[in-house]
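A.B. asks: Next comes model.cif, mmCIF, C-alpha atoms:
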data_target
#
loop_
_atom_site.label_atom_id
_atom_site.label_comp_id
_atom_site.auth_asym_id
_atom_site.auth_seq_id
_atom_site.Cartn_x
_atom_site.Cartn_y
_atom_site.Cartn_z
CA MET A 215 114.03 104.96 171.14
CA TYR A 216 116.48 107.75 170.50
CA SER A 217 119.82 108.70 172.00
CA MET A 218 121.55 112.06 172.01
CA GLN A 219 124.67 113.73 173.31
CA TYR A 220 126.17 117.19 173.35
CA ARG A 221 129.77 117.97 174.27
CA VAL A 222 130.86 121.10 176.12
CA GLN A 223 134.62 121.34 175.61
CA LEU A 224 136.32 123.04 178.51
CA PRO A 225 139.78 124.67 178.83
CA THR A 226 142.70 122.48 179.89
CA ASN A 227 143.01 124.39 183.16
CA TYR A 228 139.26 124.29 183.91
CA ASP A 229 138.42 123.22 187.47
CA MET A 230 136.34 120.09 186.83
CA GLU A 231 135.07 120.28 190.41
CA ILE A 232 132.72 122.99 189.08
CA ILE A 233 131.03 120.38 186.87
CA ARG A 234 131.01 117.79 189.65
CA ASP A 235 129.32 120.29 191.95
CA ARG A 236 126.80 121.24 189.25
CA VAL A 237 125.80 117.58 188.84
CA ARG A 238 125.59 117.06 192.63
CA ARG A 239 123.24 120.06 192.88
CA THR A 240 121.07 119.53 189.79
CA GLY A 241 121.48 115.92 188.57
CA HIS A 242 118.39 114.76 190.45
CA LEU A 243 116.19 117.15 188.41
CA MET A 244 116.13 114.61 185.54
CA ASP A 245 115.27 111.63 187.80
CA GLY A 246 111.89 110.34 186.60
CA TYR A 247 111.77 112.80 183.67
CA PRO A 248 108.88 111.84 181.32
CA GLY A 249 110.05 109.89 178.28
CA LEU A 250 113.60 109.43 179.58
CA GLU A 251 115.09 105.94 179.70
CA PHE A 252 118.31 107.27 181.21
CA LYS A 253 120.68 110.22 181.26
CA ALA A 254 124.34 109.67 182.11
CA TYR A 255 126.09 112.81 183.32
CA LEU A 256 129.54 112.40 181.78
CA ILE A 257 132.89 114.10 181.95
CA GLN A 258 136.33 113.61 180.53
CA GLU A 259 139.18 115.00 182.59
CA LYS A 260 142.62 115.62 181.15
CA ALA A 261 144.21 115.25 184.61
CA LYS A 262 142.83 111.68 184.68
CA GLY A 263 144.19 110.63 181.28
CA ALA A 264 141.53 111.92 178.86
CA MET A 265 142.50 113.88 175.76
CA GLU A 266 140.58 116.95 176.98
CA ASN A 267 138.29 118.35 179.63
CA CYS A 268 134.64 118.18 178.69
CA TYR A 269 131.11 117.79 179.98
CA ALA A 270 129.14 115.48 177.67
CA PRO A 271 125.83 114.07 178.96
CA PHE A 272 124.39 111.08 177.09
CA TYR A 273 120.63 110.49 176.92
CA VAL A 274 118.36 107.64 175.85
CA TRP A 275 114.75 108.62 175.22
CA ASN A 276 111.76 106.30 174.93
CA ASP A 277 109.92 108.78 172.72
CA THR A 278 110.39 112.03 170.85
CA GLU A 279 107.92 113.91 173.09
CA GLY A 280 110.23 113.63 176.11
CA MET A 281 113.24 114.55 173.99
CA ARG A 282 111.41 117.57 172.53
CA SER A 283 110.29 118.69 175.97
CA PHE A 284 113.88 118.53 177.25
CA CYS A 285 115.33 120.41 174.26
CA TRP A 286 112.77 123.24 174.53
CA GLY A 287 111.83 123.27 178.23
CA GLU A 288 112.91 123.68 181.85
CA PRO A 289 114.67 121.82 183.33
CA GLY A 290 116.38 121.11 180.09
CA TYR A 291 118.87 122.17 177.51
CA SER A 292 118.17 125.87 178.15
CA SER A 293 120.27 125.67 181.34
CA ILE A 294 123.25 124.45 179.29
CA VAL A 295 122.76 127.33 176.84
CA ARG A 296 122.62 129.83 179.73
CA ASP A 297 125.78 128.49 181.38
CA PHE A 298 127.93 127.24 178.47
CA GLY A 299 126.40 128.49 175.22
CA ARG A 300 124.51 126.50 172.61
CA HIS A 301 126.28 123.36 171.40
CA PRO A 302 125.22 120.96 168.63
CA ILE A 303 123.23 117.96 169.84
CA GLN A 304 124.19 114.70 168.12
CA ASP A 305 121.35 112.20 167.90
CA TRP A 306 120.97 108.56 166.94
CA THR A 307 118.10 106.15 166.33
CA VAL A 308 118.45 103.27 168.79
CA HIS A 309 118.59 99.81 167.25
CA LYS A 310 118.60 97.87 170.55
CA LEU A 311 119.11 98.45 174.25
CA ILE A 312 120.08 95.50 176.45
CA LYS A 313 120.07 95.98 180.22
CA GLY A 314 121.72 93.80 182.83
CA ASN A 315 120.41 93.12 186.33
CA THR A 316 122.34 95.85 188.16
CA PRO A 317 120.73 99.32 188.38
CA LEU A 318 122.12 101.84 185.88
CA THR A 319 122.74 104.19 188.80
CA GLN A 320 125.77 102.01 189.70
CA ALA A 321 127.64 103.22 186.59
CA HIS A 322 131.18 104.60 186.77
CA SER A 323 131.95 104.79 183.04
CA LEU A 324 130.34 105.03 179.64
CA ASN A 325 132.27 103.90 176.55
CA ILE A 326 131.44 104.62 172.91
CA GLN A 327 132.81 102.94 169.80
CA THR A 328 131.90 104.31 166.37
CA VAL A 329 131.65 102.14 163.26
CA THR A 330 130.90 103.34 159.72
CA LEU A 331 128.22 101.23 158.07
CA PRO A 332 129.27 99.70 154.73
CA GLU A 333 128.33 102.13 151.98
CA PHE A 334 126.47 99.85 149.61
CA ALA A 335 124.59 97.68 152.11
CA ALA A 336 121.04 98.26 153.25
CA PRO A 337 121.13 98.97 157.00
CA SER A 338 118.33 96.47 157.61
CA GLU A 339 120.48 93.73 156.09
CA ILE A 340 123.62 94.38 158.16
CA ILE A 341 122.62 95.89 161.51
CA GLU A 342 122.05 92.56 163.29
CA SER A 343 125.36 91.06 162.19
CA LEU A 344 127.28 94.25 163.02
CA THR A 345 125.84 94.58 166.54
CA ALA A 346 125.15 91.01 167.75
CA ASP A 347 128.59 90.29 169.24
CA PHE A 348 128.71 93.64 171.01
CA LEU A 349 125.16 93.49 172.38
CA ASN A 350 125.51 89.90 173.58
CA GLY A 351 129.11 90.14 174.82
CA GLN A 352 128.47 91.75 178.17
CA SER A 353 131.09 91.55 180.93
CA THR A 354 130.47 91.35 184.68
CA ASN A 355 130.77 95.16 184.82
CA THR A 356 128.21 95.82 182.06
CA LEU A 357 125.03 97.58 183.20
CA CYS A 358 123.63 98.07 179.71
CA ARG A 359 124.67 98.15 176.09
CA LEU A 360 123.02 99.86 173.19
CA ALA A 361 123.54 100.13 169.48
CA ALA A 362 122.27 103.18 167.62
CA VAL A 363 122.71 104.75 164.18
CA ASP A 364 123.11 108.33 163.04
CA ILE A 365 121.02 108.17 159.89
CA THR A 366 122.55 111.35 158.46
CA THR A 367 126.07 109.87 158.39
CA TRP A 368 125.23 106.13 158.63
CA LYS A 369 127.57 105.70 161.57
CA LEU A 370 126.80 103.13 164.22
CA ILE A 371 127.63 103.75 167.86
CA GLN A 372 128.04 100.92 170.33
CA VAL A 373 127.64 102.21 173.87
CA GLU A 374 128.38 100.44 177.14
CA LEU A 375 127.37 101.76 180.54
CA SER A 376 129.65 100.04 183.05
CA SER A 377 130.42 99.80 186.75
CA ALA A 378 134.15 99.74 185.87
CA ASN A 379 136.22 102.91 186.05
CA PRO A 380 136.87 104.78 182.78
CA ASP A 381 139.79 103.52 180.71
CA HIS A 382 141.01 106.25 178.36
CA ALA A 383 143.64 103.91 176.88
CA GLN A 384 141.10 101.63 175.14
CA PRO A 385 141.74 101.68 171.38
CA LYS A 386 139.02 103.17 169.15
CA THR A 387 136.89 103.96 172.21
CA THR A 388 135.77 107.22 173.75
CA SER A 389 135.55 106.72 177.50
CA TYR A 390 133.80 108.96 180.01
CA GLU A 391 133.50 109.11 183.77
CA VAL A 392 129.89 108.92 184.98
CA LEU A 393 128.99 111.40 187.71
CA HIS A 394 125.28 110.50 188.03
CA VAL A 395 122.62 108.55 186.17
CA SER A 396 119.01 109.69 186.05
CA THR A 397 116.48 107.05 185.07
CA ALA A 398 112.82 106.88 184.15
CA ASP A 399 112.20 104.92 187.34
CA ILE A 400 113.10 107.22 190.23
CA ASP A 401 112.89 104.23 192.61
CA SER A 402 115.95 102.64 190.93
CA ARG A 403 118.25 105.19 192.59
#
What's the structure tokens form of this structure?
C.D. replies:
Amino acid sequence: MYSMQYRVQLPTNYDMEIIRDRVRRTGHLMDGYPGLEFKAYLIQEKAKGAMENCYAPFYVWNDTEGMRSFCWGEPGYSSIVRDFGRHPIQDWTVHKLIKGNTPLTQAHSLNIQTVTLPEFAAPSEIIESLTADFLNGQSTNTLCRLAAVDITTWKLIQVELSSANPDHAQPKTTSYEVLHVSTADIDSR
């Protein structure tokens, strides 16, 4: 599995209702997309306590074919390029994904914590101990948690999709509001 995210930073005075409307109109296009585990349509809104306005979808792919098809095809990343310009896509290799019993479509927030892996330790020797507490420590609001590593920087991300509202005051956490979640199983809507 692979995860990826791009961030479209928007001006402070940007009307975020434009993004909300875009997701209402087009979010369903990724429902049931081949190879997709889930896509969370995310925003940060300065007026709601975030550091900035941005649109920053987060994806989890079951295979590289689906990810490749999205990056090069329609519907896909080309619509972002047309509307907002081309932005770097950050990607991670997923270590583990743990889902709860509630459908992912019930999400209201997605939270990311980043941890630098120790420099002189083999990732295979430390990944379990670094992620076990996070992956197993789900709250009543947790819909899923995943741990993934950027193998170019050796940074671990710990991601929680939650039914709780975003909390931009959490220390060492980037929190987003979820506008829509597309899943591989279109019946889970």
A.B. asks: Point out the residue among A:Ser217, A:Asn350, A:Thr278, A:Asn267 with the least atom-to-atom distance to Asp229 in chain A, counting all atoms listed in the file.
C.D. replies: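 Among the listed residues, A:Asn267 lies closest to Asp229 in chain A.
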A.B. asks: Set the distance at 10 Å and use all atoms listed in the file: which residues neighbour range 332-343 of chain A once local chain neighbours fewer than 4 positions away are removed? I'd like the list as a JSON list (two decimals) with C-alpha atoms, in the coordinates of the input.
C.D. replies:
[["chain", "number", "residue", "atom", "x", "y", "z"],
["A", 309, "HIS", "CA", 118.59, 99.81, 167.25],
["A", 310, "LYS", "CA", 118.60, 97.87, 170.55],
["A", 347, "ASP", "CA", 128.59, 90.29, 169.24],
["A", 348, "PHE", "CA", 128.71, 93.64, 171.01],
["A", 349, "LEU", "CA", 125.16, 93.49, 172.38],
["A", 361, "ALA", "CA", 123.54, 100.13, 169.48],
["A", 362, "ALA", "CA", 122.27, 103.18, 167.62],
["A", 363, "VAL", "CA", 122.71, 104.75, 164.18],
["A", 365, "ILE", "CA", 121.02, 108.17, 159.89],
["A", 368, "TRP", "CA", 125.23, 106.13, 158.63],
["A", 369, "LYS", "CA", 127.57, 105.70, 161.57],
["A", 370, "LEU", "CA", 126.80, 103.13, 164.22]]
A.B. asks: Counting all atoms listed in the file, which of A:Leu331, A:Ala346, A:Ala254, A:Leu311 gets nearest to Val395 in chain A?
C.D. replies: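 Closest candidate: A:Ala254.
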A.B. asks: List the spatial neighbours of Asn276 in chain A as a ChimeraX atom specification - criterion: any atom at most 6 Å away, only C-alpha atoms, same-chain residues fewer than 4 positions off excluded.
C.D. replies: /A:215,249-251
A.B. asks: When you count only C-alpha atoms, which of these residues is closest to Tyr269 in chain A: A:Gln219, A:Gln352, A:Thr367, A:Thr387?
C.D. replies: A:Gln219
A.B. asks: Considering only C-alpha atoms, can you say which of A:Val329, A:Leu375, A:Leu393, A:Ile303 comes closest to Gly241 in chain A?
C.D. replies: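 Closest to Gly241 in chain A of all the choices is A:Leu393.
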A.B. asks: Take the PyMOL selection byres ((chain A and resi 222) around 8), apply it to the structure above, and return the hits as a ChimeraX atom specification.
C.D. replies: /A:220-221,223-224,268-270,298,301
A.B. asks: If you measure from CA of Pro302 in chain A to CA of Arg239 in chain A, what distance in Å do you get, rounded to one decimal?
C.D. replies: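 CA of Arg239 in chain A lies at a distance of 24.3 Å from CA of Pro302 in chain A.
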A.B. asks: Between A:Gly351, A:Pro289, A:Pro317, A:Pro380, single out the one closest to Thr240 in chain A, counting only C-alpha atoms.
C.D. replies: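 The shortest atom-to-atom distance to Thr240 in chain A comes from A:Pro289.
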A.B. asks: With all atoms listed in the file as the atoms that count, which of A:Ser323, A:Thr330, A:Ser389, A:Asn355 lies nearest to Lys260 in chain A?
C.D. replies: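 The closest residue to Lys260 in chain A is A:Ser389.
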A.B. asks: So the first atom is CA of Glu288 in chain A and the second is CA of Gln320 in chain A; what is the distance between them in Å, to one decimal place?
C.D. replies: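 Result for CA of Glu288 in chain A versus CA of Gln320 in chain A: 26.4 Å, one decimal.
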A.B. asks: What separation in Å, quoted to one decimal, exists between CA of Val274 in chain A and CA of Gln327 in chain A?
C.D. replies: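 Going from CA of Val274 in chain A over to CA of Gln327 in chain A covers 16.4 Å.
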A.B. asks: Please list, as an MDAnalysis selection string, the residues that have an atom at most 12 Å away from (147.3, 109.6, 179.5) in the coordinates of this file, counting all atoms listed in the file.
C.D. replies: chainID A and resid 258:266 380:384
A.B. asks: Keeping only C-alpha atoms, write those residues as a compact mmCIF listing (two decimals), in the coordinates of the input.
C.D. replies:
# COMPACT_ATOMS: atom_id res chain seq x y z
CA GLN A 258 136.33 113.61 180.53
CA GLU A 259 139.18 115.00 182.59
CA LYS A 260 142.62 115.62 181.15
CA ALA A 261 144.21 115.25 184.61
CA LYS A 262 142.83 111.68 184.68
CA GLY A 263 144.19 110.63 181.28
CA ALA A 264 141.53 111.92 178.86
CA MET A 265 142.50 113.88 175.76
CA GLU A 266 140.58 116.95 176.98
CA PRO A 380 136.87 104.78 182.78
CA ASP A 381 139.79 103.52 180.71
CA HIS A 382 141.01 106.25 178.36
CA ALA A 383 143.64 103.91 176.88
CA GLN A 384 141.10 101.63 175.14
A.B. asks: Would you mind listing what lies within 6 Å of Glu374 in chain A as a PDB file with C-alpha atoms, in the frame of the given file, with only C-alpha atoms counted and same-chain residues fewer than 5 positions away left out?
C.D. replies:
ATOM      1  CA  LEU A 324     130.340 105.030 179.640  1.00  0.00           C
ATOM      2  CA  ASN A 325     132.270 103.900 176.550  1.00  0.00           C
ATOM      3  CA  CYS A 358     123.630  98.070 179.710  1.00  0.00           C
ATOM      4  CA  ARG A 359     124.670  98.150 176.090  1.00  0.00           C
TER       5      ARG A 359
END
